[in-house]
file structure_13.cif (mmCIF, C-alpha atoms and all ligand atoms)
data_target
#
loop_
_atom_site.label_atom_id
_atom_site.label_comp_id
_atom_site.auth_asym_id
_atom_site.auth_seq_id
_atom_site.Cartn_x
_atom_site.Cartn_y
_atom_site.Cartn_z
CA MET A 1 0.81 -24.36 -14.85
CA ASN A 2 -1.93 -23.88 -17.46
CA GLN A 3 -0.03 -21.09 -19.21
CA VAL A 4 1.00 -23.52 -21.93
CA ASN A 5 -2.65 -23.65 -23.00
CA ASN A 6 -4.34 -20.35 -22.22
CA PRO A 7 -2.17 -17.83 -20.36
CA TYR A 8 -5.21 -15.73 -19.46
CA LEU A 9 -7.12 -18.54 -17.76
CA PRO A 10 -6.81 -18.48 -13.96
CA GLU A 11 -6.27 -21.69 -12.05
CA LEU A 12 -9.00 -22.40 -9.50
CA ALA A 13 -7.77 -22.21 -5.93
CA THR A 14 -9.10 -22.10 -2.39
CA VAL A 15 -8.25 -19.72 0.43
CA LYS A 16 -7.14 -21.99 3.27
CA LYS A 17 -6.14 -19.39 5.83
CA ILE A 18 -6.43 -15.64 6.26
CA ILE A 19 -4.10 -13.67 8.53
CA ASP A 20 -4.89 -10.10 9.62
CA GLU A 21 -1.45 -8.53 9.28
CA THR A 22 -2.30 -4.87 9.90
CA PRO A 23 -5.48 -2.76 9.95
CA ASN A 24 -5.45 -2.67 6.11
CA ILE A 25 -3.36 -5.70 5.04
CA LYS A 26 -4.43 -9.34 5.04
CA SER A 27 -2.44 -12.41 4.00
CA TYR A 28 -4.08 -15.27 2.11
CA GLN A 29 -2.70 -18.79 2.13
CA VAL A 30 -4.00 -20.28 -1.08
CA VAL A 31 -3.93 -23.85 -2.44
CA LEU A 32 -4.65 -24.81 -6.05
CA ASN A 33 -7.70 -27.06 -6.25
CA ASP A 34 -5.95 -29.57 -8.51
CA PRO A 35 -3.52 -31.45 -6.21
CA GLU A 36 -1.29 -32.44 -9.15
CA LYS A 37 -0.94 -28.81 -10.25
CA MET A 38 -0.21 -27.75 -6.67
CA LYS A 39 2.41 -30.48 -6.32
CA ASN A 40 4.07 -29.49 -9.60
CA PHE A 41 3.83 -25.73 -9.07
CA VAL A 42 7.28 -24.20 -9.43
CA PHE A 43 8.25 -20.58 -8.85
CA GLU A 44 11.24 -18.47 -7.86
CA PRO A 45 11.51 -15.93 -5.01
CA GLY A 46 10.25 -12.55 -6.22
CA GLN A 47 7.81 -13.81 -8.83
CA VAL A 48 4.26 -12.51 -8.73
CA GLY A 49 0.78 -13.81 -9.42
CA GLN A 50 -2.56 -12.39 -10.43
CA LEU A 51 -5.35 -13.10 -7.95
CA SER A 52 -8.82 -12.90 -9.43
CA LEU A 53 -12.33 -12.76 -8.11
CA PHE A 54 -15.11 -13.77 -10.41
CA GLY A 55 -17.15 -10.77 -11.54
CA VAL A 56 -14.74 -8.28 -9.92
CA GLY A 57 -11.33 -8.47 -11.63
CA GLU A 58 -7.73 -9.41 -11.03
CA SER A 59 -4.73 -7.73 -9.42
CA THR A 60 -1.01 -8.40 -9.05
CA PHE A 61 0.59 -9.56 -5.80
CA VAL A 62 3.97 -11.05 -5.02
CA ILE A 63 4.01 -14.68 -3.89
CA ASN A 64 5.50 -13.94 -0.48
CA SER A 65 5.86 -17.49 0.80
CA PRO A 66 9.16 -19.03 -0.37
CA PRO A 67 9.50 -21.88 -2.89
CA THR A 68 11.15 -23.87 -0.09
CA ARG A 69 7.77 -24.07 1.73
CA MET A 70 5.16 -25.35 -0.67
CA ASP A 71 2.16 -26.25 1.53
CA TYR A 72 0.44 -23.15 0.16
CA LEU A 73 1.12 -19.94 -1.77
CA GLN A 74 0.84 -16.81 0.34
CA PHE A 75 -0.24 -13.43 -1.01
CA SER A 76 -0.62 -10.29 1.12
CA VAL A 77 -3.17 -7.73 0.03
CA MET A 78 -3.26 -4.08 1.07
CA LYS A 79 -6.67 -2.51 0.59
CA ALA A 80 -6.33 0.04 -2.23
CA GLY A 81 -9.36 -0.06 -4.54
CA GLU A 82 -12.05 -2.30 -5.99
CA VAL A 83 -10.28 -5.65 -6.35
CA THR A 84 -8.32 -5.44 -3.11
CA ALA A 85 -11.44 -4.36 -1.17
CA ALA A 86 -13.31 -7.37 -2.59
CA LEU A 87 -10.38 -9.67 -1.67
CA HIS A 88 -10.63 -8.34 1.89
CA GLU A 89 -14.21 -9.65 2.02
CA LEU A 90 -13.05 -13.26 1.38
CA ALA A 91 -13.46 -15.91 4.06
CA GLU A 92 -11.45 -19.09 4.59
CA GLY A 93 -12.74 -21.75 2.19
CA ASP A 94 -13.71 -19.25 -0.51
CA PRO A 95 -12.60 -19.72 -4.13
CA VAL A 96 -10.10 -17.44 -5.86
CA GLY A 97 -8.40 -17.50 -9.27
CA VAL A 98 -4.59 -17.61 -9.54
CA ARG A 99 -2.44 -16.85 -12.59
CA ALA A 100 1.13 -17.52 -11.60
CA PRO A 101 4.07 -17.52 -11.62
CA LEU A 102 4.73 -14.32 -13.58
CA GLY A 103 7.80 -12.12 -14.01
CA ASN A 104 11.42 -12.45 -13.03
CA TRP A 105 12.97 -13.05 -9.61
CA PHE A 106 15.76 -12.06 -7.25
CA PRO A 107 19.20 -13.16 -8.47
CA TYR A 108 19.74 -15.39 -5.44
CA GLU A 109 22.42 -17.48 -7.16
CA GLU A 110 24.62 -14.41 -7.75
CA MET A 111 24.02 -13.36 -4.13
CA LYS A 112 25.55 -16.54 -2.67
CA GLY A 113 28.50 -15.90 -0.33
CA LYS A 114 27.51 -12.26 0.10
CA LYS A 115 26.14 -10.20 2.95
CA ILE A 116 22.50 -9.33 2.31
CA LEU A 117 20.97 -6.06 3.46
CA PHE A 118 17.17 -5.83 3.28
CA VAL A 119 15.57 -2.40 3.61
CA GLY A 120 11.78 -2.39 3.65
CA GLY A 121 8.80 -0.26 4.53
CA GLY A 122 5.18 -1.29 5.14
CA ILE A 123 3.79 -3.78 2.62
CA GLY A 124 7.20 -3.56 0.91
CA LEU A 125 8.30 -6.37 3.21
CA ALA A 126 6.16 -8.77 1.12
CA PRO A 127 8.65 -9.35 -1.74
CA LEU A 128 11.55 -9.24 0.73
CA ARG A 129 9.84 -11.89 2.91
CA THR A 130 9.93 -14.55 0.20
CA LEU A 131 13.67 -14.02 -0.28
CA ILE A 132 14.43 -13.73 3.45
CA LEU A 133 12.69 -17.06 4.16
CA PHE A 134 14.33 -18.65 1.12
CA ILE A 135 17.77 -17.50 2.32
CA LEU A 136 17.07 -18.67 5.88
CA ASP A 137 16.14 -22.09 4.43
CA ASN A 138 19.53 -22.07 2.61
CA ARG A 139 21.38 -20.22 5.37
CA ASP A 140 24.86 -21.65 4.76
CA ASP A 141 24.95 -20.22 1.23
CA TYR A 142 24.88 -16.60 2.45
CA ASP A 143 26.93 -14.37 4.76
CA ASP A 144 25.48 -11.85 7.29
CA ILE A 145 21.82 -10.87 7.01
CA THR A 146 20.63 -7.43 8.10
CA ILE A 147 16.98 -6.43 7.86
CA ILE A 148 15.96 -2.81 8.40
CA TYR A 149 12.18 -2.62 8.40
CA GLY A 150 9.80 0.14 9.37
CA SER A 151 6.22 1.26 9.25
CA ARG A 152 4.15 4.23 10.33
CA THR A 153 3.11 2.71 13.68
CA PRO A 154 3.73 -0.69 15.37
CA PRO A 155 0.30 -2.07 14.34
CA ASP A 156 1.28 -1.35 10.71
CA LEU A 157 4.26 -3.75 10.84
CA CYS A 158 3.55 -6.79 8.64
CA TYR A 159 4.43 -10.44 9.41
CA LYS A 160 4.71 -9.98 13.18
CA GLU A 161 5.32 -13.72 13.72
CA ASP A 162 8.26 -13.68 11.30
CA LEU A 163 9.62 -10.53 12.93
CA GLU A 164 9.56 -12.29 16.32
CA ASP A 165 11.37 -15.31 14.83
CA TRP A 166 14.00 -13.20 13.11
CA GLU A 167 14.55 -11.14 16.25
CA LYS A 168 15.36 -14.32 18.21
CA ARG A 169 17.86 -15.63 15.64
CA SER A 170 21.53 -14.97 16.27
CA ASP A 171 22.25 -15.14 12.52
CA VAL A 172 19.88 -12.30 11.59
CA ASN A 173 20.33 -8.65 12.52
CA LEU A 174 16.78 -7.25 12.58
CA ILE A 175 16.31 -3.52 13.11
CA LEU A 176 12.74 -2.33 13.49
CA THR A 177 11.59 1.26 13.43
CA VAL A 178 8.37 3.27 13.42
CA ASP A 179 7.88 6.83 12.25
CA ALA A 180 6.93 8.39 15.59
CA GLU A 181 6.66 7.62 19.30
CA TYR A 182 3.95 5.10 20.17
CA PRO A 183 2.77 3.70 23.52
CA ASP A 184 4.94 0.74 24.69
CA TRP A 185 7.22 0.92 21.62
CA GLU A 186 10.78 0.62 22.89
CA LYS A 187 12.64 0.06 19.65
CA ARG A 188 13.85 2.65 17.18
CA ILE A 189 11.91 5.73 16.14
CA GLY A 190 12.64 7.35 12.78
CA PHE A 191 12.08 6.96 9.08
CA VAL A 192 13.67 3.94 7.42
CA PRO A 193 16.23 5.97 5.38
CA THR A 194 17.36 7.80 8.55
CA VAL A 195 17.80 4.49 10.38
CA LEU A 196 19.73 3.13 7.39
CA SER A 197 22.18 6.06 7.68
CA GLU A 198 22.49 5.52 11.45
CA VAL A 199 23.16 1.77 11.09
CA ALA A 200 25.52 2.53 8.18
CA PRO A 201 26.07 -1.02 6.87
CA SER A 202 29.25 -1.55 4.90
CA PRO A 203 28.88 -2.06 1.14
CA LYS A 204 31.78 -4.52 1.12
CA ASN A 205 30.66 -7.81 -0.46
CA THR A 206 27.04 -6.78 0.19
CA VAL A 207 23.86 -6.77 -1.87
CA ALA A 208 21.12 -4.34 -0.78
CA ILE A 209 17.51 -5.10 -1.60
CA THR A 210 14.88 -2.47 -0.97
CA CYS A 211 11.13 -2.28 -1.36
CA GLY A 212 8.56 0.10 0.06
CA PRO A 213 6.66 3.29 -0.70
CA PRO A 214 8.24 5.32 -3.56
CA ILE A 215 9.27 8.18 -1.24
CA MET A 216 11.06 5.71 1.07
CA ILE A 217 12.85 4.07 -1.85
CA LYS A 218 14.00 7.47 -3.16
CA PHE A 219 15.71 8.33 0.15
CA VAL A 220 16.98 4.78 0.73
CA LEU A 221 18.69 4.87 -2.68
CA GLU A 222 20.29 8.22 -1.77
CA GLY A 223 21.37 6.77 1.60
CA LEU A 224 22.89 3.68 -0.02
CA ALA A 225 24.80 5.88 -2.47
CA GLN A 226 26.18 7.90 0.46
CA LEU A 227 27.30 4.63 2.05
CA GLN A 228 29.21 3.94 -1.21
CA PHE A 229 26.94 1.16 -2.49
CA LYS A 230 27.30 0.89 -6.26
CA ASP A 231 24.21 0.77 -8.51
CA GLU A 232 24.99 -2.88 -9.35
CA GLN A 233 24.79 -3.79 -5.64
CA ILE A 234 21.26 -2.40 -5.23
CA ILE A 235 18.12 -4.32 -6.17
CA THR A 236 14.52 -3.15 -6.01
CA THR A 237 11.13 -4.12 -7.38
CA LEU A 238 8.90 -1.96 -9.57
CA GLU A 239 5.16 -1.84 -9.07
CA LYS A 240 3.93 -0.71 -12.46
CA ARG A 241 0.27 -1.53 -13.01
CA MET A 242 -0.23 -4.71 -15.00
CA LYS A 243 -2.97 -6.29 -17.04
CA CYS A 244 -1.96 -9.37 -19.05
CA GLY A 245 1.16 -10.08 -16.96
CA ILE A 246 2.86 -11.85 -19.87
CA GLY A 247 4.32 -9.09 -22.04
CA ILE A 248 1.51 -8.86 -24.58
CA CYS A 249 -0.89 -5.99 -23.79
CA GLY A 250 1.70 -3.20 -23.45
CA ARG A 251 0.15 -1.86 -20.23
CA CYS A 252 3.33 -2.03 -18.18
CA ASN A 253 6.10 -1.11 -20.59
CA ILE A 254 8.83 1.42 -19.95
CA GLY A 255 10.60 2.04 -23.24
CA ASP A 256 10.99 -1.40 -24.78
CA MET A 257 11.01 -3.17 -21.42
CA TYR A 258 7.96 -4.85 -19.87
CA VAL A 259 7.79 -4.73 -16.08
CA CYS A 260 5.61 -7.86 -16.03
CA LYS A 261 8.05 -9.98 -18.05
CA ASP A 262 11.49 -8.36 -17.64
CA GLY A 263 10.69 -7.34 -14.03
CA PRO A 264 9.48 -6.64 -11.43
CA VAL A 265 13.00 -7.18 -9.99
CA PHE A 266 15.69 -4.79 -11.27
CA SER A 267 19.10 -3.60 -10.15
CA LEU A 268 19.49 0.16 -9.81
CA ALA A 269 22.03 -0.05 -12.64
CA GLN A 270 19.32 -1.53 -14.91
CA LEU A 271 16.76 1.09 -13.85
CA LYS A 272 19.16 3.91 -14.68
CA GLN A 273 19.27 2.65 -18.28
CA LEU A 274 15.50 3.13 -18.66
CA PRO A 275 13.69 6.24 -19.94
CA SER A 276 12.80 8.62 -17.07
CA GLU A 277 9.04 7.81 -17.17
CA ILE A 278 9.17 5.52 -14.10
C1 LIG B 301 4.67 -6.48 -9.49
C2 LIG B 301 3.64 -6.02 -8.50
C3 LIG B 301 3.60 -6.61 -7.23
C4 LIG B 301 2.64 -6.20 -6.30
N1 LIG B 301 2.60 -6.83 -5.10
C5 LIG B 301 1.68 -6.44 -4.20
C6 LIG B 301 1.57 -7.14 -2.95
O1 LIG B 301 2.27 -8.12 -2.67
N2 LIG B 301 0.62 -6.71 -2.08
C7 LIG B 301 -0.21 -5.64 -2.37
O2 LIG B 301 -1.06 -5.30 -1.52
N3 LIG B 301 -0.13 -4.98 -3.53
C8 LIG B 301 0.78 -5.36 -4.46
N4 LIG B 301 0.83 -4.72 -5.66
C9 LIG B 301 -0.10 -3.60 -5.92
C10 LIG B 301 -1.48 -4.14 -6.27
O3 LIG B 301 -1.41 -4.85 -7.49
C11 LIG B 301 -2.49 -2.99 -6.39
O4 LIG B 301 -2.64 -2.36 -5.15
C12 LIG B 301 -3.84 -3.53 -6.82
O5 LIG B 301 -3.78 -3.97 -8.16
C13 LIG B 301 -4.91 -2.46 -6.71
O6 LIG B 301 -6.09 -2.98 -7.26
P1 LIG B 301 -7.52 -2.41 -6.87
O7 LIG B 301 -8.51 -2.80 -7.92
O8 LIG B 301 -7.87 -2.76 -5.47
O9 LIG B 301 -7.29 -0.85 -6.87
P2 LIG B 301 -7.52 0.18 -8.06
O10 LIG B 301 -8.92 0.66 -7.96
O11 LIG B 301 -7.04 -0.37 -9.35
O12 LIG B 301 -6.52 1.29 -7.56
C14 LIG B 301 -6.64 1.88 -6.27
C15 LIG B 301 -5.46 2.80 -6.01
O13 LIG B 301 -4.24 2.03 -6.00
C16 LIG B 301 -3.35 2.51 -7.00
N5 LIG B 301 -2.66 1.37 -7.63
C17 LIG B 301 -3.24 0.37 -8.31
N6 LIG B 301 -2.31 -0.49 -8.77
C18 LIG B 301 -1.12 -0.01 -8.37
C19 LIG B 301 0.22 -0.43 -8.54
N7 LIG B 301 0.56 -1.51 -9.24
N8 LIG B 301 1.20 0.31 -7.99
C20 LIG B 301 0.91 1.42 -7.30
N9 LIG B 301 -0.35 1.88 -7.11
C21 LIG B 301 -1.33 1.18 -7.64
C22 LIG B 301 -4.22 3.25 -7.99
O14 LIG B 301 -3.50 4.26 -8.69
C23 LIG B 301 -5.28 3.85 -7.11
O15 LIG B 301 -4.84 5.03 -6.48
C24 LIG B 301 1.74 -5.14 -6.62
C25 LIG B 301 1.77 -4.58 -7.89
C26 LIG B 301 2.70 -5.01 -8.82
C27 LIG B 301 2.69 -4.42 -10.19
S1 LIG B 302 0.98 -6.26 -18.24
FE1 LIG B 302 0.60 -6.64 -20.35
S2 LIG B 302 2.56 -6.26 -21.21
FE2 LIG B 302 2.94 -6.20 -19.07
#

call {"tool": "encode", "arguments": {"input": "structure_13.cif", "output": "C-alpha cells"}}
result
Amino acid sequence: MNQVNNPYLPELATVKKIIDETPNIKSYQVVLNDPEKMKNFVFEPGQVGQLSLFGVGESTFVINSPPTRMDYLQFSVMKAGEVTAALHELAEGDPVGVRAPLGNWFPYEEMKGKKILFVGGGIGLAPLRTLILFILDNRDDYDDITIIYGSRTPPDLCYKEDLEDWEKRSDVNLILTVDAEYPDWEKRIGFVPTVLSEVAPSPKNTVAITCGPPIMIKFVLEGLAQLQFKDEQIITTLEKRMKCGIGICGRCNIGDMYVCKDGPVFSLAQLKQLPSEI
C-alpha cells in the first residue's frame, strides 16, 4: 500500500463490524477507506499490521482473516494496556489507522501435501485462524488437519462461530479443552500441552504450528519433542514488542535478526540459532 512513499504513514480505514469474542478480546473487521487500495491490498497468512488511533498510539496485531476472503481485514485485540483499551472503546463506523502488511508469513507452500497440526491457546488462535481458513479454502492441497485449542474457561475461547464450523466438518479434527471444570462444559478438561500428549499426533509427514501464552508454548514444544517432532517440523510466532515494524528502529531485534521483518513466523530450528535473549 502506501509503504512505497512513507512507510510510517497509516492508511485511513473504517471499522465495519465489531465482534465480542471473549470478556477481554474483540475482533474488528476493517476496510480501507480508499476502495482502490482495498481492492489491491495483498497479504500472506501470518502477516501483521499496526492499528493506530489518533492521539493514542499504534500496536501490532496479526491480520487474522485469510487472504482468500478479502471483504475486510480482521484484527482481534486483547485488552492489555493503553492502546488496546482505547481500541476497545471503538464503535462500528469509527476511523482507525492501518499500516500493513508487515513481516513474514507461514510457509504454506512448503506445507502442501502434509498433515497440519495446530496447537493454540487463548488469543494465540488469532495467527492460526488466518492459516486454518486459508488451508480450508485450499483444502485439496493439504492432508489431515488437527486443531488442539484451549483456554482458561469456555467463555475465553475465541472465534466461537469458527469453532462450531470446524467441529461440524468431517475433514477437520478439532479438540477443544479448558483448564478446569465449568458448568455445562462436556468436552475435554486439561491444559493444552497435557491434551497434546494425550492425543499424541504422529510426526510423520506433519507440520506443527503453535501459538499461545509463553508458558503454554514452552510445554507444547517439550510435548512435541517427546512425540518425536523435529525442530524443523515446528513453527511458532514471536510476539516481541515492535515500533517501526519495518526493520529500522531496532526495537525488536534479537541478535542481528528483526522480529518485525524476519518474523514473526519462525521454525523452532531457526529460533534455536538465535541468542538466548528471547
Ligand atoms: C507480531 C505480533 C503480533 C501480535 N498479534 C496480536 C493479536 O493478534 N492480538 C492481540 O491482542 N495482541 C497481539 N499482539 C500483542 C499486542 O501488540 C500488544 O498487546 C499491544 O501492543 C499492547 O499495547 P497497549 O498499548 O495496549 O499495552 P502496553 O501499555 O504497551 O502494554 C500492556 C502490557 O502488555 C504487555 N505487552 C505489550 N506488547 C506486548 C507484546 N508484543 N508481547 C507481549 N506482551 C506485550 C506489556 O509488557 C504490558 O505488560 C501482537 C504482538 C506482536 C509483536
Ligand atoms: S520494530 Fe523497528 S526494527 Fe523491528

call {"tool": "atom_distance", "arguments": {"input": "structure_13.cif", "atom1": "atom CA of A:Gly124", "atom2": "atom CA of A:Thr14"}}
result
24.9 Å

call {"tool": "closest_atom_pairs", "arguments": {"input": "structure_13.cif", "of": "stretch 124-150 of chain A", "to": "stretch 201-219 of chain A", "cutoff": "8 Å", "atoms": "only C-alpha atoms", "output": "CSV"}}
result
residue,atom,partner,partner_atom,distance
A:Gly124,CA,A:Gly212,CA,4.0
A:Leu125,CA,A:Cys211,CA,6.8
A:Pro127,CA,A:Cys211,CA,7.5
A:Leu128,CA,A:Cys211,CA,7.3

call {"tool": "residues_around", "arguments": {"input": "structure_13.cif", "residues": "A:Leu224", "least_positions_apart": "3", "cutoff": "9 Å", "atoms": "all atoms listed in the file", "output": "list of chain:residue names"}}
result
A:Pro193, A:Leu196, A:Ser197, A:Ala200, A:Pro201, A:Pro203, A:Ala208, A:Phe219, A:Val220, A:Leu221, A:Leu227, A:Gln228, A:Phe229, A:Lys230, A:Ile234

call {"tool": "residues_around", "arguments": {"input": "structure_13.cif", "residues": "A:Asn64", "least_positions_apart": "2", "cutoff": "6 Å", "atoms": "all atoms listed in the file", "output": "MDAnalysis selection string"}}
result
chainID A and resid 62 74:75 126:127 129:130

call {"tool": "residues_around", "arguments": {"input": "structure_13.cif", "residues": "A:Val178", "least_positions_apart": "6", "cutoff": "6 Å", "atoms": "all atoms listed in the file", "output": "compact mmCIF listing (two decimals) with C-alpha atoms, keeping the file's coordinate frame"}}
result
# COMPACT_ATOMS: atom_id res chain seq x y z
CA GLY A 150 9.80 0.14 9.37
CA SER A 151 6.22 1.26 9.25
CA ARG A 152 4.15 4.23 10.33
CA THR A 153 3.11 2.71 13.68
CA ILE A 189 11.91 5.73 16.14
CA GLY A 190 12.64 7.35 12.78

call {"tool": "atom_distance", "arguments": {"input": "structure_13.cif", "atom1": "atom CA of A:Pro35", "atom2": "atom CA of A:Ile132"}}
result
27.0 Å

call {"tool": "atom_distance", "arguments": {"input": "structure_13.cif", "atom1": "atom CA of A:Pro45", "atom2": "atom CA of A:Gly245"}}
result
16.9 Å

call {"tool": "residues_near_ligand", "arguments": {"input": "structure_13.cif", "ligand": "ligand LIG 302 (chain B)", "cutoff": "7 Å", "atoms": "all atoms listed in the file", "output": "PyMOL selection string"}}
result
chain A and resi 242-253+258-261

call {"tool": "residues_near_point", "arguments": {"input": "structure_13.cif", "point": "(-1.5, -8.2, 3.1)", "cutoff": "7 Å", "atoms": "only C-alpha atoms", "output": "PyMOL selection string"}}
result
chain A and resi 21+25-27+75-78+123

call {"tool": "write_last_selection", "arguments": {"input": "structure_13.cif", "atoms": "C-alpha atoms", "output": "PDB file, keeping the file's coordinate frame"}}
result
ATOM      1  CA  GLU A  21      -1.450  -8.530   9.280  1.00  0.00           C
ATOM      2  CA  ILE A  25      -3.360  -5.700   5.040  1.00  0.00           C
ATOM      3  CA  LYS A  26      -4.430  -9.340   5.040  1.00  0.00           C
ATOM      4  CA  SER A  27      -2.440 -12.410   4.000  1.00  0.00           C
ATOM      5  CA  PHE A  75      -0.240 -13.430  -1.010  1.00  0.00           C
ATOM      6  CA  SER A  76      -0.620 -10.290   1.120  1.00  0.00           C
ATOM      7  CA  VAL A  77      -3.170  -7.730   0.030  1.00  0.00           C
ATOM      8  CA  MET A  78      -3.260  -4.080   1.070  1.00  0.00           C
ATOM      9  CA  ILE A 123       3.790  -3.780   2.620  1.00  0.00           C
TER      10      ILE A 123
END

call {"tool": "closest_residue", "arguments": {"input": "structure_13.cif", "among": "A:Leu87, A:Leu136, A:Ile145, A:Ala100", "to": "ligand LIG 301 (chain B)", "atoms": "all atoms listed in the file"}}
result
A:Leu87

call {"tool": "closest_residue", "arguments": {"input": "structure_13.cif", "among": "A:Ile18, A:Val83, A:Leu73, A:Ala180", "to": "A:Ser59", "atoms": "all atoms listed in the file"}}
result
A:Val83

call {"tool": "residues_around", "arguments": {"input": "structure_13.cif", "residues": "A:Asp141", "least_positions_apart": "5", "cutoff": "9 Å", "atoms": "only C-alpha atoms", "output": "PyMOL selection string"}}
result
chain A and resi 111-114+135

call {"tool": "closest_residue", "arguments": {"input": "structure_13.cif", "among": "A:Leu133, A:Val192, A:Leu102, A:Leu90", "to": "A:Tyr159", "atoms": "all atoms listed in the file"}}
result
A:Leu133

call {"tool": "closest_residue", "arguments": {"input": "structure_13.cif", "among": "A:Val15, A:Phe106, A:Ala225, A:Tyr28", "to": "A:Val265", "atoms": "all atoms listed in the file"}}
result
A:Phe106

call {"tool": "closest_residue", "arguments": {"input": "structure_13.cif", "among": "A:Tyr182, A:Phe266, A:Tyr142, A:Tyr108", "to": "ligand LIG 301 (chain B)", "atoms": "all atoms listed in the file"}}
result
A:Phe266

call {"tool": "residues_around", "arguments": {"input": "structure_13.cif", "residues": "A:Val31", "least_positions_apart": "3", "cutoff": "10 Å", "atoms": "only C-alpha atoms", "output": "MDAnalysis selection string"}}
result
chainID A and resid 12:17 28 34:35 37:39 70:74 95:96 98

call {"tool": "closest_residue", "arguments": {"input": "structure_13.cif", "among": "A:Pro154, A:Gly223, A:Gly120, A:Gly103", "to": "ligand LIG 301 (chain B)", "atoms": "only C-alpha atoms and all ligand atoms"}}
result
A:Gly103

call {"tool": "axis_aligned_box", "arguments": {"input": "structure_13.cif", "around": "stretch 213-216 of chain A", "padding_each_side": "4 Å", "output": "AutoDock Vina command-line options"}}
result
--center_x 8.9 --center_y 5.7 --center_z -1.2 --size_x 12.4 --size_y 12.9 --size_z 12.6

call {"tool": "residues_near_point", "arguments": {"input": "structure_13.cif", "point": "(-11.1, -7.0, -7.8)", "cutoff": "9 Å", "atoms": "all atoms listed in the file", "output": "ChimeraX atom specification"}}
result
/A:51-59,81-87

call {"tool": "build_atoms", "arguments": {"input": "structure_13.cif", "residues": "stretch 190-195 of chain A", "atoms": "all heavy atoms", "output": "PDB file, in the frame of the given file"}}
result
ATOM      1  N   GLY A 190      12.028   6.587  13.883  1.00  0.00           N
ATOM      2  CA  GLY A 190      12.640   7.350  12.780  1.00  0.00           C
ATOM      3  C   GLY A 190      12.291   6.705  11.466  1.00  0.00           C
ATOM      4  O   GLY A 190      11.947   5.519  11.402  1.00  0.00           O
ATOM      5  N   PHE A 191      12.369   7.491  10.412  1.00  0.00           N
ATOM      6  CA  PHE A 191      12.080   6.960   9.080  1.00  0.00           C
ATOM      7  C   PHE A 191      13.163   5.963   8.669  1.00  0.00           C
ATOM      8  O   PHE A 191      14.330   6.083   9.081  1.00  0.00           O
ATOM      9  CB  PHE A 191      11.999   8.094   8.057  1.00  0.00           C
ATOM     10  CG  PHE A 191      10.856   9.042   8.321  1.00  0.00           C
ATOM     11  CD1 PHE A 191      11.085  10.401   8.497  1.00  0.00           C
ATOM     12  CD2 PHE A 191       9.551   8.578   8.398  1.00  0.00           C
ATOM     13  CE1 PHE A 191      10.026  11.272   8.741  1.00  0.00           C
ATOM     14  CE2 PHE A 191       8.494   9.437   8.641  1.00  0.00           C
ATOM     15  CZ  PHE A 191       8.736  10.784   8.816  1.00  0.00           C
ATOM     16  N   VAL A 192      12.751   5.013   7.829  1.00  0.00           N
ATOM     17  CA  VAL A 192      13.670   3.940   7.420  1.00  0.00           C
ATOM     18  C   VAL A 192      14.988   4.490   6.835  1.00  0.00           C
ATOM     19  O   VAL A 192      16.075   4.025   7.226  1.00  0.00           O
ATOM     20  CB  VAL A 192      12.950   2.979   6.430  1.00  0.00           C
ATOM     21  CG1 VAL A 192      13.935   2.050   5.747  1.00  0.00           C
ATOM     22  CG2 VAL A 192      11.879   2.185   7.171  1.00  0.00           C
ATOM     23  N   PRO A 193      14.948   5.487   5.932  1.00  0.00           N
ATOM     24  CA  PRO A 193      16.230   5.970   5.380  1.00  0.00           C
ATOM     25  C   PRO A 193      17.142   6.569   6.448  1.00  0.00           C
ATOM     26  O   PRO A 193      18.372   6.416   6.380  1.00  0.00           O
ATOM     27  CB  PRO A 193      15.792   7.046   4.366  1.00  0.00           C
ATOM     28  CG  PRO A 193      14.368   6.715   4.046  1.00  0.00           C
ATOM     29  CD  PRO A 193      13.786   6.141   5.293  1.00  0.00           C
ATOM     30  N   THR A 194      16.547   7.217   7.468  1.00  0.00           N
ATOM     31  CA  THR A 194      17.360   7.800   8.550  1.00  0.00           C
ATOM     32  C   THR A 194      18.029   6.671   9.338  1.00  0.00           C
ATOM     33  O   THR A 194      19.223   6.746   9.669  1.00  0.00           O
ATOM     34  CB  THR A 194      16.453   8.616   9.506  1.00  0.00           C
ATOM     35  OG1 THR A 194      15.647   9.466   8.717  1.00  0.00           O
ATOM     36  CG2 THR A 194      17.264   9.417  10.501  1.00  0.00           C
ATOM     37  N   VAL A 195      17.256   5.628   9.629  1.00  0.00           N
ATOM     38  CA  VAL A 195      17.800   4.490  10.380  1.00  0.00           C
ATOM     39  C   VAL A 195      18.905   3.804   9.563  1.00  0.00           C
ATOM     40  O   VAL A 195      19.932   3.401  10.098  1.00  0.00           O
ATOM     41  CB  VAL A 195      16.673   3.506  10.760  1.00  0.00           C
ATOM     42  CG1 VAL A 195      17.234   2.230  11.370  1.00  0.00           C
ATOM     43  CG2 VAL A 195      15.710   4.180  11.729  1.00  0.00           C
TER      44      VAL A 195
END
